[in-house]
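Content type CSV, N, CA and C atoms, from the file start-v1.csv:
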chain,number,residue,atom,x,y,z
A,1,MET,N,-15.1,8.2,8.9
A,1,MET,CA,-14.3,7.0,9.2
A,1,MET,C,-15.0,5.9,8.5
A,2,ALA,N,-14.2,5.1,7.7
A,2,ALA,CA,-14.7,3.9,7.0
A,2,ALA,C,-14.9,2.8,8.0
A,3,THR,N,-15.7,1.9,7.6
A,3,THR,CA,-16.0,0.7,8.4
A,3,THR,C,-15.6,-0.6,7.6
A,4,LEU,N,-15.6,-1.7,8.3
A,4,LEU,CA,-15.3,-3.0,7.6
A,4,LEU,C,-16.3,-3.2,6.5
A,5,GLU,N,-17.5,-2.9,6.7
A,5,GLU,CA,-18.5,-3.2,5.6
A,5,GLU,C,-18.3,-2.3,4.4
A,6,PHE,N,-17.8,-1.1,4.6
A,6,PHE,CA,-17.5,-0.2,3.5
A,6,PHE,C,-16.3,-0.8,2.7
A,7,TYR,N,-15.3,-1.3,3.4
A,7,TYR,CA,-14.2,-2.0,2.7
A,7,TYR,C,-14.6,-3.2,2.0
A,8,ARG,N,-15.5,-4.0,2.5
A,8,ARG,CA,-16.0,-5.2,1.9
A,8,ARG,C,-16.7,-4.9,0.6
A,9,ARG,N,-17.3,-3.7,0.5
A,9,ARG,CA,-18.1,-3.4,-0.7
A,9,ARG,C,-17.2,-2.8,-1.8
A,10,LEU,N,-16.0,-2.4,-1.5
A,10,LEU,CA,-15.0,-1.9,-2.5
A,10,LEU,C,-14.6,-3.1,-3.4
A,11,ASP,N,-14.5,-2.8,-4.7
A,11,ASP,CA,-14.2,-3.8,-5.6
A,11,ASP,C,-13.3,-3.4,-6.8
A,12,TYR,N,-12.1,-2.9,-6.4
A,12,TYR,CA,-11.2,-2.5,-7.4
A,12,TYR,C,-10.6,-3.7,-8.1
A,13,ASP,N,-10.4,-3.6,-9.4
A,13,ASP,CA,-9.8,-4.7,-10.2
A,13,ASP,C,-8.3,-4.7,-10.2
A,14,PHE,N,-7.6,-5.3,-9.3
A,14,PHE,CA,-6.2,-5.3,-9.2
A,14,PHE,C,-5.6,-6.3,-10.3
A,15,SER,N,-6.4,-7.1,-10.9
A,15,SER,CA,-5.8,-8.1,-11.9
A,15,SER,C,-5.3,-7.3,-13.1
A,16,ILE,N,-5.6,-6.1,-13.3
A,16,ILE,CA,-5.1,-5.3,-14.5
A,16,ILE,C,-3.6,-5.1,-14.4
A,17,TYR,N,-3.0,-5.4,-13.2
A,17,TYR,CA,-1.6,-5.2,-13.0
A,17,TYR,C,-0.7,-6.4,-13.2
A,18,GLU,N,-1.4,-7.5,-13.4
A,18,GLU,CA,-0.6,-8.7,-13.8
A,18,GLU,C,0.1,-8.5,-15.1
A,19,GLY,N,1.4,-8.9,-15.1
A,19,GLY,CA,2.2,-8.7,-16.3
A,19,GLY,C,2.9,-7.3,-16.3
A,20,GLU,N,2.6,-6.4,-15.3
A,20,GLU,CA,3.3,-5.1,-15.3
A,20,GLU,C,4.8,-5.4,-14.9
A,21,GLU,N,5.7,-4.9,-15.7
A,21,GLU,CA,7.1,-5.2,-15.5
A,21,GLU,C,7.6,-4.6,-14.2
A,22,SER,N,7.1,-3.4,-13.8
A,22,SER,CA,7.6,-2.8,-12.5
A,22,SER,C,7.1,-3.6,-11.3
A,23,LEU,N,6.2,-4.5,-11.5
A,23,LEU,CA,5.7,-5.3,-10.3
A,23,LEU,C,6.3,-6.8,-10.4
A,24,ARG,N,7.2,-7.0,-11.3
A,24,ARG,CA,7.8,-8.4,-11.4
A,24,ARG,C,8.5,-8.7,-10.1
A,25,GLY,N,8.2,-9.9,-9.6
A,25,GLY,CA,8.8,-10.3,-8.3
A,25,GLY,C,8.1,-10.0,-7.1
A,26,LEU,N,6.9,-9.2,-7.2
A,26,LEU,CA,6.2,-8.8,-6.1
A,26,LEU,C,5.3,-10.0,-5.6
A,27,ILE,N,5.5,-10.3,-4.3
A,27,ILE,CA,4.6,-11.3,-3.6
A,27,ILE,C,4.2,-10.6,-2.3
A,28,ASN,N,3.5,-11.4,-1.5
A,28,ASN,CA,3.0,-10.8,-0.2
A,28,ASN,C,4.1,-10.1,0.6
A,29,GLU,N,5.2,-10.7,0.7
A,29,GLU,CA,6.3,-10.2,1.5
A,29,GLU,C,7.0,-9.0,1.0
A,30,GLY,N,6.8,-8.8,-0.3
A,30,GLY,CA,7.5,-7.6,-1.0
A,30,GLY,C,8.1,-8.1,-2.3
A,31,PHE,N,9.2,-7.5,-2.7
A,31,PHE,CA,9.8,-7.9,-3.9
A,31,PHE,C,10.8,-9.0,-3.7
A,32,ILE,N,10.4,-10.2,-4.0
A,32,ILE,CA,11.3,-11.4,-3.8
A,32,ILE,C,11.1,-12.2,-5.1
A,33,GLY,N,12.2,-12.5,-5.8
A,33,GLY,CA,12.1,-13.3,-6.9
A,33,GLY,C,12.0,-12.6,-8.2
A,34,THR,N,11.6,-13.3,-9.3
A,34,THR,CA,11.5,-12.7,-10.6
A,34,THR,C,10.2,-13.0,-11.3
A,35,GLU,N,9.3,-13.7,-10.7
A,35,GLU,CA,8.0,-14.1,-11.3
A,35,GLU,C,7.1,-12.9,-11.5
A,36,SER,N,6.2,-13.1,-12.5
A,36,SER,CA,5.2,-12.1,-12.8
A,36,SER,C,4.2,-12.0,-11.6
A,37,LEU,N,3.6,-10.9,-11.4
A,37,LEU,CA,2.6,-10.7,-10.3
A,37,LEU,C,1.5,-11.7,-10.5
A,38,CYS,N,1.1,-12.4,-9.4
A,38,CYS,CA,-0.1,-13.2,-9.4
A,38,CYS,C,-1.1,-12.7,-8.4
A,39,ILE,N,-2.1,-12.0,-8.8
A,39,ILE,CA,-3.0,-11.3,-8.0
A,39,ILE,C,-3.8,-12.2,-7.0
A,40,ASN,N,-4.0,-13.5,-7.4
A,40,ASN,CA,-4.7,-14.4,-6.6
A,40,ASN,C,-4.0,-14.7,-5.3
A,41,GLU,N,-2.7,-14.4,-5.1
A,41,GLU,CA,-2.0,-14.6,-3.9
A,41,GLU,C,-2.2,-13.5,-2.9
A,42,PHE,N,-3.0,-12.5,-3.2
A,42,PHE,CA,-3.2,-11.3,-2.3
A,42,PHE,C,-4.6,-11.4,-1.8
A,43,ASN,N,-4.8,-10.8,-0.6
A,43,ASN,CA,-6.1,-10.6,0.0
A,43,ASN,C,-6.8,-9.4,-0.5
A,44,TYR,N,-8.0,-9.6,-1.2
A,44,TYR,CA,-8.7,-8.4,-1.8
A,44,TYR,C,-9.2,-7.4,-0.8
A,45,LEU,N,-9.7,-7.9,0.3
A,45,LEU,CA,-10.2,-7.0,1.4
A,45,LEU,C,-9.1,-6.1,1.9
A,46,GLU,N,-7.9,-6.6,2.1
A,46,GLU,CA,-6.8,-5.8,2.6
A,46,GLU,C,-6.3,-4.9,1.5
A,47,LEU,N,-6.3,-5.4,0.2
A,47,LEU,CA,-5.9,-4.5,-0.9
A,47,LEU,C,-6.8,-3.3,-1.0
A,48,ASN,N,-8.1,-3.6,-1.0
A,48,ASN,CA,-9.1,-2.5,-1.2
A,48,ASN,C,-9.1,-1.5,0.0
A,49,ALA,N,-8.9,-2.0,1.2
A,49,ALA,CA,-8.9,-1.2,2.4
A,49,ALA,C,-7.6,-0.3,2.4
A,50,ALA,N,-6.5,-0.9,2.1
A,50,ALA,CA,-5.2,-0.1,2.0
A,50,ALA,C,-5.3,0.9,0.9
A,51,ARG,N,-5.8,0.6,-0.2
A,51,ARG,CA,-6.0,1.5,-1.3
A,51,ARG,C,-6.8,2.7,-0.9
A,52,ASP,N,-7.9,2.4,-0.2
A,52,ASP,CA,-8.8,3.5,0.2
A,52,ASP,C,-8.0,4.5,1.2
A,53,VAL,N,-7.3,4.0,2.1
A,53,VAL,CA,-6.6,4.8,3.1
A,53,VAL,C,-5.5,5.7,2.3
A,54,ILE,N,-4.8,5.0,1.4
A,54,ILE,CA,-3.8,5.7,0.6
A,54,ILE,C,-4.4,6.8,-0.2
A,55,LEU,N,-5.5,6.6,-0.9
A,55,LEU,CA,-6.2,7.6,-1.7
A,55,LEU,C,-6.7,8.8,-0.8
A,56,CYS,N,-7.1,8.5,0.4
A,56,CYS,CA,-7.6,9.5,1.3
A,56,CYS,C,-6.5,10.4,1.8
A,57,TYR,N,-5.3,9.9,2.1
A,57,TYR,CA,-4.3,10.6,2.8
A,57,TYR,C,-3.0,10.9,2.1
A,58,LEU,N,-2.5,10.1,1.2
A,58,LEU,CA,-1.2,10.2,0.7
A,58,LEU,C,-1.2,10.9,-0.7
A,59,ARG,N,-0.3,11.8,-1.0
A,59,ARG,CA,-0.2,12.5,-2.2
A,59,ARG,C,1.1,12.3,-2.9
A,60,PRO,N,1.0,12.2,-4.2
A,60,PRO,CA,2.3,12.0,-5.0
A,60,PRO,C,3.0,13.3,-5.2
A,61,ILE,N,4.3,13.2,-5.4
A,61,ILE,CA,5.2,14.3,-5.8
A,61,ILE,C,6.0,13.9,-7.0
A,62,ALA,N,6.8,14.8,-7.5
A,62,ALA,CA,7.6,14.5,-8.7
A,62,ALA,C,8.7,13.5,-8.4
A,63,LYS,N,9.4,13.7,-7.3
A,63,LYS,CA,10.6,12.9,-6.9
A,63,LYS,C,10.3,11.8,-6.0
A,64,ILE,N,11.1,10.7,-6.1
A,64,ILE,CA,11.0,9.6,-5.2
A,64,ILE,C,11.5,10.1,-3.8
A,65,ASN,N,10.7,9.7,-2.8
A,65,ASN,CA,11.0,10.1,-1.4
A,65,ASN,C,11.6,8.9,-0.7
A,66,LYS,N,12.9,9.1,-0.4
A,66,LYS,CA,13.7,8.0,0.2
A,66,LYS,C,13.7,8.1,1.8
A,67,ASN,N,12.8,8.9,2.3
A,67,ASN,CA,12.7,9.0,3.8
A,67,ASN,C,12.0,7.9,4.5
A,68,GLU,N,11.0,7.4,3.8
A,68,GLU,CA,10.2,6.3,4.3
A,68,GLU,C,10.0,5.2,3.2
A,69,ASN,N,10.3,4.0,3.6
A,69,ASN,CA,10.1,2.9,2.6
A,69,ASN,C,8.7,2.2,2.8
A,70,SER,N,8.5,1.3,1.9
A,70,SER,CA,7.2,0.6,1.9
A,70,SER,C,6.9,-0.1,3.3
A,71,TYR,N,7.9,-0.6,3.9
A,71,TYR,CA,7.6,-1.3,5.1
A,71,TYR,C,7.2,-0.4,6.3
A,72,SER,N,7.8,0.8,6.3
A,72,SER,CA,7.5,1.7,7.4
A,72,SER,C,6.1,2.3,7.1
A,73,LEU,N,5.8,2.6,5.9
A,73,LEU,CA,4.5,3.2,5.6
A,73,LEU,C,3.3,2.2,5.8
A,74,LYS,N,3.6,0.9,5.5
A,74,LYS,CA,2.5,-0.1,5.6
A,74,LYS,C,2.1,-0.2,7.1
A,75,HIS,N,3.0,0.0,8.0
A,75,HIS,CA,2.7,-0.1,9.4
A,75,HIS,C,1.7,1.0,9.8
A,76,ILE,N,1.9,2.2,9.3
A,76,ILE,CA,1.0,3.3,9.6
A,76,ILE,C,-0.4,3.0,9.1
A,77,VAL,N,-0.4,2.5,7.9
A,77,VAL,CA,-1.7,2.2,7.2
A,77,VAL,C,-2.4,1.1,8.0
A,78,GLU,N,-1.7,0.1,8.4
A,78,GLU,CA,-2.4,-1.0,9.1
A,78,GLU,C,-2.8,-0.6,10.5
A,79,HIS,N,-2.2,0.3,11.1
A,79,HIS,CA,-2.7,0.8,12.4
A,79,HIS,C,-4.0,1.6,12.2
A,80,ILE,N,-4.1,2.4,11.2
A,80,ILE,CA,-5.3,3.1,10.8
A,80,ILE,C,-6.4,2.1,10.5
A,81,LEU,N,-6.1,1.1,9.7
A,81,LEU,CA,-7.1,0.1,9.4
A,81,LEU,C,-7.6,-0.7,10.6
A,82,ALA,N,-6.7,-1.0,11.5
A,82,ALA,CA,-7.1,-1.7,12.8
A,82,ALA,C,-8.1,-0.9,13.6
A,83,LYS,N,-7.9,0.4,13.6
A,83,LYS,CA,-8.8,1.2,14.4
A,83,LYS,C,-10.2,1.3,13.7
A,84,GLU,N,-10.1,1.5,12.3
A,84,GLU,CA,-11.4,1.6,11.6
A,84,GLU,C,-12.2,0.3,11.5
A,85,THR,N,-11.5,-0.8,11.6
A,85,THR,CA,-12.3,-2.1,11.5
A,85,THR,C,-12.4,-2.8,12.8
A,86,ASN,N,-12.1,-2.1,13.9
A,86,ASN,CA,-12.1,-2.8,15.2
A,86,ASN,C,-11.2,-4.0,15.3
A,87,GLY,N,-10.1,-3.9,14.7
A,87,GLY,CA,-9.1,-5.0,14.8
A,87,GLY,C,-9.3,-6.1,13.8
A,88,VAL,N,-10.3,-6.1,12.9
A,88,VAL,CA,-10.5,-7.2,11.9
A,88,VAL,C,-9.4,-7.1,10.9
A,89,ILE,N,-9.0,-5.9,10.4
A,89,ILE,CA,-7.9,-5.8,9.5
A,89,ILE,C,-6.8,-5.2,10.4
A,90,ASN,N,-5.9,-6.0,11.0
A,90,ASN,CA,-4.9,-5.5,11.8
A,90,ASN,C,-3.5,-5.7,11.3
A,91,TYR,N,-3.5,-6.3,10.1
A,91,TYR,CA,-2.2,-6.6,9.4
A,91,TYR,C,-2.4,-6.5,7.9
A,92,ILE,N,-1.5,-5.8,7.2
A,92,ILE,CA,-1.4,-5.9,5.7
A,92,ILE,C,0.0,-6.2,5.4
A,93,SER,N,0.2,-7.0,4.4
A,93,SER,CA,1.6,-7.4,4.0
A,93,SER,C,2.3,-6.2,3.3
A,94,ASN,N,3.6,-6.3,3.3
A,94,ASN,CA,4.4,-5.3,2.5
A,94,ASN,C,4.0,-5.3,1.0
A,95,GLY,N,3.8,-6.5,0.5
A,95,GLY,CA,3.4,-6.6,-0.9
A,95,GLY,C,2.1,-6.0,-1.2
A,96,THR,N,1.1,-6.3,-0.3
A,96,THR,CA,-0.2,-5.7,-0.4
A,96,THR,C,-0.1,-4.2,-0.4
A,97,PHE,N,0.7,-3.6,0.5
A,97,PHE,CA,0.8,-2.1,0.5
A,97,PHE,C,1.5,-1.6,-0.8
A,98,ILE,N,2.5,-2.3,-1.3
A,98,ILE,CA,3.2,-1.9,-2.5
A,98,ILE,C,2.2,-1.9,-3.7
A,99,LEU,N,1.4,-3.0,-3.8
A,99,LEU,CA,0.5,-3.1,-4.9
A,99,LEU,C,-0.6,-2.0,-4.8
A,100,ALA,N,-1.1,-1.7,-3.6
A,100,ALA,CA,-2.1,-0.7,-3.3
A,100,ALA,C,-1.6,0.7,-3.7
A,101,MET,N,-0.3,1.0,-3.3
A,101,MET,CA,0.3,2.3,-3.7
A,101,MET,C,0.4,2.4,-5.2
A,102,TYR,N,0.8,1.3,-5.9
A,102,TYR,CA,1.0,1.3,-7.3
A,102,TYR,C,-0.4,1.6,-8.0
A,103,SER,N,-1.4,0.9,-7.5
A,103,SER,CA,-2.8,1.1,-8.0
A,103,SER,C,-3.3,2.5,-7.9
A,104,CYS,N,-2.7,3.3,-6.9
A,104,CYS,CA,-3.1,4.7,-6.7
A,104,CYS,C,-2.3,5.6,-7.5
A,105,GLY,N,-1.4,5.1,-8.4
A,105,GLY,CA,-0.6,5.9,-9.3
A,105,GLY,C,0.7,6.3,-8.8
A,106,PHE,N,1.2,5.8,-7.7
A,106,PHE,CA,2.5,6.1,-7.2
A,106,PHE,C,3.5,5.3,-7.9
A,107,ARG,N,4.7,5.9,-8.2
A,107,ARG,CA,5.8,5.2,-8.8
A,107,ARG,C,6.6,4.5,-7.8
A,108,ILE,N,7.2,3.4,-8.2
A,108,ILE,CA,8.0,2.5,-7.3
A,108,ILE,C,9.5,2.7,-7.7
A,109,TRP,N,10.3,2.8,-6.6
A,109,TRP,CA,11.8,2.8,-6.8
A,109,TRP,C,12.3,1.7,-5.9
A,110,ARG,N,13.0,0.8,-6.6
A,110,ARG,CA,13.5,-0.4,-5.9
A,110,ARG,C,15.1,-0.3,-5.8
A,111,THR,N,15.6,-0.9,-4.7
A,111,THR,CA,17.0,-1.1,-4.7
A,111,THR,C,17.3,-2.6,-4.9
A,112,LYS,N,18.5,-2.9,-5.3
A,112,LYS,CA,18.8,-4.3,-5.6
A,112,LYS,C,18.7,-5.1,-4.3
A,113,SER,N,18.2,-6.3,-4.4
A,113,SER,CA,18.1,-7.3,-3.3
A,113,SER,C,17.4,-6.7,-2.0
A,114,ASP,N,16.5,-5.9,-2.2
A,114,ASP,CA,15.6,-5.4,-1.1
A,114,ASP,C,14.2,-5.6,-1.4
A,115,LYS,N,13.5,-6.3,-0.5
A,115,LYS,CA,12.1,-6.5,-0.7
A,115,LYS,C,11.2,-5.3,-0.5
A,116,ASN,N,11.8,-4.3,0.1
A,116,ASN,CA,11.0,-3.0,0.2
A,116,ASN,C,11.3,-2.1,-1.0
A,117,CYS,N,10.6,-1.0,-1.0
A,117,CYS,CA,10.8,0.0,-2.1
A,117,CYS,C,10.4,1.4,-1.6
A,118,PHE,N,10.6,2.4,-2.4
A,118,PHE,CA,10.3,3.8,-2.1
A,118,PHE,C,9.3,4.3,-3.1
A,119,PHE,N,8.6,5.3,-2.8
A,119,PHE,CA,7.6,5.9,-3.7
A,119,PHE,C,7.7,7.4,-3.8
A,120,ASN,N,7.1,8.0,-4.8
A,120,ASN,CA,7.0,9.4,-5.0
A,120,ASN,C,5.9,10.0,-4.1
A,121,VAL,N,6.0,9.9,-2.8
A,121,VAL,CA,5.0,10.3,-1.9
A,121,VAL,C,5.5,11.5,-1.1
A,122,SER,N,4.7,12.5,-0.9
A,122,SER,CA,5.1,13.7,-0.2
A,122,SER,C,5.3,13.5,1.3
A,123,ASP,N,6.3,14.2,1.9
A,123,ASP,CA,6.5,14.1,3.3
A,123,ASP,C,5.3,14.7,4.1
A,124,LYS,N,4.8,15.8,3.5
A,124,LYS,CA,3.6,16.5,4.1
A,124,LYS,C,2.5,15.5,4.3
A,125,SER,N,2.2,14.7,3.3
A,125,SER,CA,1.0,13.8,3.4
A,125,SER,C,1.4,12.6,4.3
A,126,ILE,N,2.6,12.2,4.4
A,126,ILE,CA,3.0,11.2,5.4
A,126,ILE,C,2.9,11.7,6.8
A,127,ARG,N,3.2,13.0,7.0
A,127,ARG,CA,3.0,13.6,8.4
A,127,ARG,C,1.5,13.6,8.7
A,128,TYR,N,0.7,13.9,7.7
A,128,TYR,CA,-0.8,13.9,7.9
A,128,TYR,C,-1.3,12.5,8.3
A,129,LEU,N,-0.8,11.5,7.6
A,129,LEU,CA,-1.1,10.1,7.8
A,129,LEU,C,-0.7,9.8,9.3
A,130,LEU,N,0.4,10.2,9.7
A,130,LEU,CA,0.9,9.9,11.1
A,130,LEU,C,-0.1,10.6,12.1
A,131,GLU,N,-0.5,11.8,11.8
A,131,GLU,CA,-1.5,12.5,12.6
A,131,GLU,C,-2.8,11.7,12.8
A,132,VAL,N,-3.3,11.2,11.6
A,132,VAL,CA,-4.5,10.4,11.6
A,132,VAL,C,-4.3,9.1,12.5
A,133,GLU,N,-3.1,8.5,12.3
A,133,GLU,CA,-2.8,7.3,13.1
A,133,GLU,C,-2.8,7.5,14.6
A,134,SER,N,-2.4,8.7,15.0
A,134,SER,CA,-2.3,9.0,16.4
A,134,SER,C,-3.6,9.4,17.1
A,135,ARG,N,-4.6,9.6,16.3
A,135,ARG,CA,-5.9,10.0,16.8
A,135,ARG,C,-6.6,8.9,17.6

Mind converting the file's structure to C-alpha cells?
Amino acid sequence: MATLEFYRRLDYDFSIYEGEESLRGLINEGFIGTESLCINEFNYLELNAARDVILCYLRPIAKINKNENSYSLKHIVEHILAKETNGVINYISNGTFILAMYSCGFRIWRTKSDKNCFFNVSDKSIRYLLEVESR
C-alpha cells in the first residue's frame, strides 16, 4: 500500500502533454471549452497519486469500453487514495483523472458536449479496482 509520502516523491512530468490535440479543452472539471491544456491548473500530488493507482490496477484493451466513464472511474480511484493517504487525498477532479489515464497510455473517446469521456480500459481490471476499493 502506498503512502502520502510515496505520492509526494513521485515526479512525473505532465507538462509534456500541453499542446496535445486530444486533450484540447481539458480543465479540472473535464472537457469544457476549446483551449489548450494548461498543466499549471492541475494539482501535481493528485495527478501523480492517480497515475500510480491507474498503473497498478487498470489495463488497456484494444476497444473503447463504454461501460464506465471517466467520472465513475475517478470516484473509485479517489476512494482508494483516501484510504491510502488517511483522507489527505480524498478528492481528485474528473480532469485530473482523465489526464492521469492519458499519461498511462489509455486512449480517450469523447462524445459531443460531454465533459466526461471513455477509455480503452478492460472490464476485468475495473472489477479488480472495485475489489481493491472495497477492502

Spatial neighbours of A:Gly19, max dist 7 Å, only C-alpha atoms, sep filter under 2 positions, as a PyMOL selection string
chain A and resi 17+21+36-37

As a ChimeraX atom specification, which residues of chain A does DSSP assign to strand (DSSP E)?
/A:26-27,30-31,60-65,108-110,117-121

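Nearest residue to A:Trp109 among A:Arg24, A:Arg135, A:Arg9, A:Lys66 is A:Lys66, counting only C-alpha atoms.
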
Which residues of stretch 51-114 of chain A come within 8 Å of stretch 29-35 of chain A, and for each one, what is the closest pair of atoms and their distance in Å to one decimal, counting all atoms listed in the file, sorted by chain and residue number, as a Markdown table?
| residue | atom | partner | partner_atom | distance |
| --- | --- | --- | --- | --- |
| A:Ser93 | CA | A:Glu29 | N | 5.9 |
| A:Asn94 | C | A:Gly30 | CA | 4.6 |
| A:Gly95 | N | A:Gly30 | N | 3.9 |
| A:Thr96 | N | A:Glu29 | N | 6.1 |
| A:Ile98 | N | A:Gly30 | CA | 7.3 |
| A:Ser113 | C | A:Phe31 | C | 7.2 |
| A:Asp114 | C | A:Phe31 | C | 5.3 |

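Using only C-alpha atoms, the shortest contact distance between A:Glu68 and any of A:Asn48, A:Asn43, A:Ser122, A:Ser22 is found at A:Ser122.
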
Within 6 Å of stretch 75-87 of chain A using only N, CA and C atoms, minus same-chain residues under 5 positions, as a list in words
Ala2, Thr3, Leu4, Ile92 and Glu133 of chain A

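By all atoms listed in the file, and with residues fewer than 3 positions from A:Phe14 along its chain excluded, the set lying at most 8 Å from it is A:Asp11, A:Tyr17, A:Glu18, A:Ile39, A:Asn40, A:Leu99, A:Ser103.
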
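Here atom C of A:Asp52 and atom N of A:Leu26 stand 21.9 Å from one another.
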
Which residue is closest to A:Asp123? Choose from A:Asn65, A:Asn28, A:Ser15, A:Ser72 and count all atoms listed in the file.
A:Asn65

Report as a compact mmCIF listing (two decimals) with N, CA and C atoms, keeping the file's coordinate frame all protein, DNA and RNA residues lying within 7 Å of A:Leu129, evaluated on only N, CA and C atoms, omitting residues in the same chain fewer than 5 positions from it.
# COMPACT_ATOMS: atom_id res chain seq x y z
N TYR A 57 -5.30 9.90 2.10
CA TYR A 57 -4.30 10.60 2.80
C TYR A 57 -3.00 10.90 2.10
N LEU A 58 -2.50 10.10 1.20
CA LEU A 58 -1.20 10.20 0.70
C LEU A 58 -1.20 10.90 -0.70
N ILE A 76 1.90 2.20 9.30
CA ILE A 76 1.00 3.30 9.60
C ILE A 76 -0.40 3.00 9.10
N LYS A 124 4.80 15.80 3.50
CA LYS A 124 3.60 16.50 4.10
C LYS A 124 2.50 15.50 4.30
N SER A 134 -2.40 8.70 15.00
CA SER A 134 -2.30 9.00 16.40
C SER A 134 -3.60 9.40 17.10

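What separates atom C of A:Glu46 from atom CA of A:Leu130 is a distance of 19.1 Å.
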
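The residue that comes closest to A:Ile54, out of A:Ile108, A:Ile16, A:Val121, A:Ala100 and on the basis of all atoms listed in the file, is A:Ala100.
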
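Interatomic distance, atom N of A:Glu20 to atom N of A:Ser70: 19.7 Å.
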
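When only N, CA and C atoms are used to measure the gap to A:Asn69, the shortest distance among A:Cys117, A:Cys104, A:Leu23, A:Ala49 belongs to A:Cys117.
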
DSSP-assigned helix (DSSP H, G or I) members of stretch 71-106 of chain A, reported as a tab-separated table (two decimals) with N, CA and C atoms, in the frame of the given file:
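Just written: part-v1.tsv:
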chain	number	residue	atom	x	y	z
A	71	TYR	N	7.90	-0.60	3.90
A	71	TYR	CA	7.60	-1.30	5.10
A	71	TYR	C	7.20	-0.40	6.30
A	72	SER	N	7.80	0.80	6.30
A	72	SER	CA	7.50	1.70	7.40
A	72	SER	C	6.10	2.30	7.10
A	73	LEU	N	5.80	2.60	5.90
A	73	LEU	CA	4.50	3.20	5.60
A	73	LEU	C	3.30	2.20	5.80
A	74	LYS	N	3.60	0.90	5.50
A	74	LYS	CA	2.50	-0.10	5.60
A	74	LYS	C	2.10	-0.20	7.10
A	75	HIS	N	3.00	0.00	8.00
A	75	HIS	CA	2.70	-0.10	9.40
A	75	HIS	C	1.70	1.00	9.80
A	76	ILE	N	1.90	2.20	9.30
A	76	ILE	CA	1.00	3.30	9.60
A	76	ILE	C	-0.40	3.00	9.10
A	77	VAL	N	-0.40	2.50	7.90
A	77	VAL	CA	-1.70	2.20	7.20
A	77	VAL	C	-2.40	1.10	8.00
A	78	GLU	N	-1.70	0.10	8.40
A	78	GLU	CA	-2.40	-1.00	9.10
A	78	GLU	C	-2.80	-0.60	10.50
A	79	HIS	N	-2.20	0.30	11.10
A	79	HIS	CA	-2.70	0.80	12.40
A	79	HIS	C	-4.00	1.60	12.20
A	80	ILE	N	-4.10	2.40	11.20
A	80	ILE	CA	-5.30	3.10	10.80
A	80	ILE	C	-6.40	2.10	10.50
A	81	LEU	N	-6.10	1.10	9.70
A	81	LEU	CA	-7.10	0.10	9.40
A	81	LEU	C	-7.60	-0.70	10.60
A	82	ALA	N	-6.70	-1.00	11.50
A	82	ALA	CA	-7.10	-1.70	12.80
A	82	ALA	C	-8.10	-0.90	13.60
A	83	LYS	N	-7.90	0.40	13.60
A	83	LYS	CA	-8.80	1.20	14.40
A	83	LYS	C	-10.20	1.30	13.70
A	84	GLU	N	-10.10	1.50	12.30
A	84	GLU	CA	-11.40	1.60	11.60
A	84	GLU	C	-12.20	0.30	11.50
A	94	ASN	N	3.60	-6.30	3.30
A	94	ASN	CA	4.40	-5.30	2.50
A	94	ASN	C	4.00	-5.30	1.00
A	95	GLY	N	3.80	-6.50	0.50
A	95	GLY	CA	3.40	-6.60	-0.90
A	95	GLY	C	2.10	-6.00	-1.20
A	96	THR	N	1.10	-6.30	-0.30
A	96	THR	CA	-0.20	-5.70	-0.40
A	96	THR	C	-0.10	-4.20	-0.40
A	97	PHE	N	0.70	-3.60	0.50
A	97	PHE	CA	0.80	-2.10	0.50
A	97	PHE	C	1.50	-1.60	-0.80
A	98	ILE	N	2.50	-2.30	-1.30
A	98	ILE	CA	3.20	-1.90	-2.50
A	98	ILE	C	2.20	-1.90	-3.70
A	99	LEU	N	1.40	-3.00	-3.80
A	99	LEU	CA	0.50	-3.10	-4.90
A	99	LEU	C	-0.60	-2.00	-4.80
A	100	ALA	N	-1.10	-1.70	-3.60
A	100	ALA	CA	-2.10	-0.70	-3.30
A	100	ALA	C	-1.60	0.70	-3.70
A	101	MET	N	-0.30	1.00	-3.30
A	101	MET	CA	0.30	2.30	-3.70
A	101	MET	C	0.40	2.40	-5.20
A	102	TYR	N	0.80	1.30	-5.90
A	102	TYR	CA	1.00	1.30	-7.30
A	102	TYR	C	-0.40	1.60	-8.00
A	103	SER	N	-1.40	0.90	-7.50
A	103	SER	CA	-2.80	1.10	-8.00
A	103	SER	C	-3.30	2.50	-7.90

With distances taken over only C-alpha atoms, which of A:Tyr44, A:Phe119, A:Tyr91, A:Tyr102 is nearest to A:Asn67?
A:Phe119

Expected file for stretch 120-133 of chain A keeping C-alpha atoms, as a compact mmCIF listing (two decimals), in the first residue's frame:
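And here's result.txt as it stands now:
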# COMPACT_ATOMS: atom_id res chain seq x y z
CA ASN A 120 -9.85 1.60 -23.71
CA VAL A 121 -9.81 0.00 -20.25
CA SER A 122 -10.65 -3.63 -19.55
CA ASP A 123 -13.75 -4.59 -17.56
CA LYS A 124 -11.68 -7.20 -15.74
CA SER A 125 -9.23 -4.60 -14.44
CA ILE A 126 -12.14 -2.33 -13.43
CA ARG A 127 -13.63 -5.21 -11.42
CA TYR A 128 -10.24 -5.69 -9.75
CA LEU A 129 -10.08 -1.97 -8.96
CA LEU A 130 -13.54 -2.24 -7.34
CA GLU A 131 -12.30 -5.18 -5.24
CA VAL A 132 -9.36 -3.10 -4.04
CA GLU A 133 -11.70 -0.23 -3.21
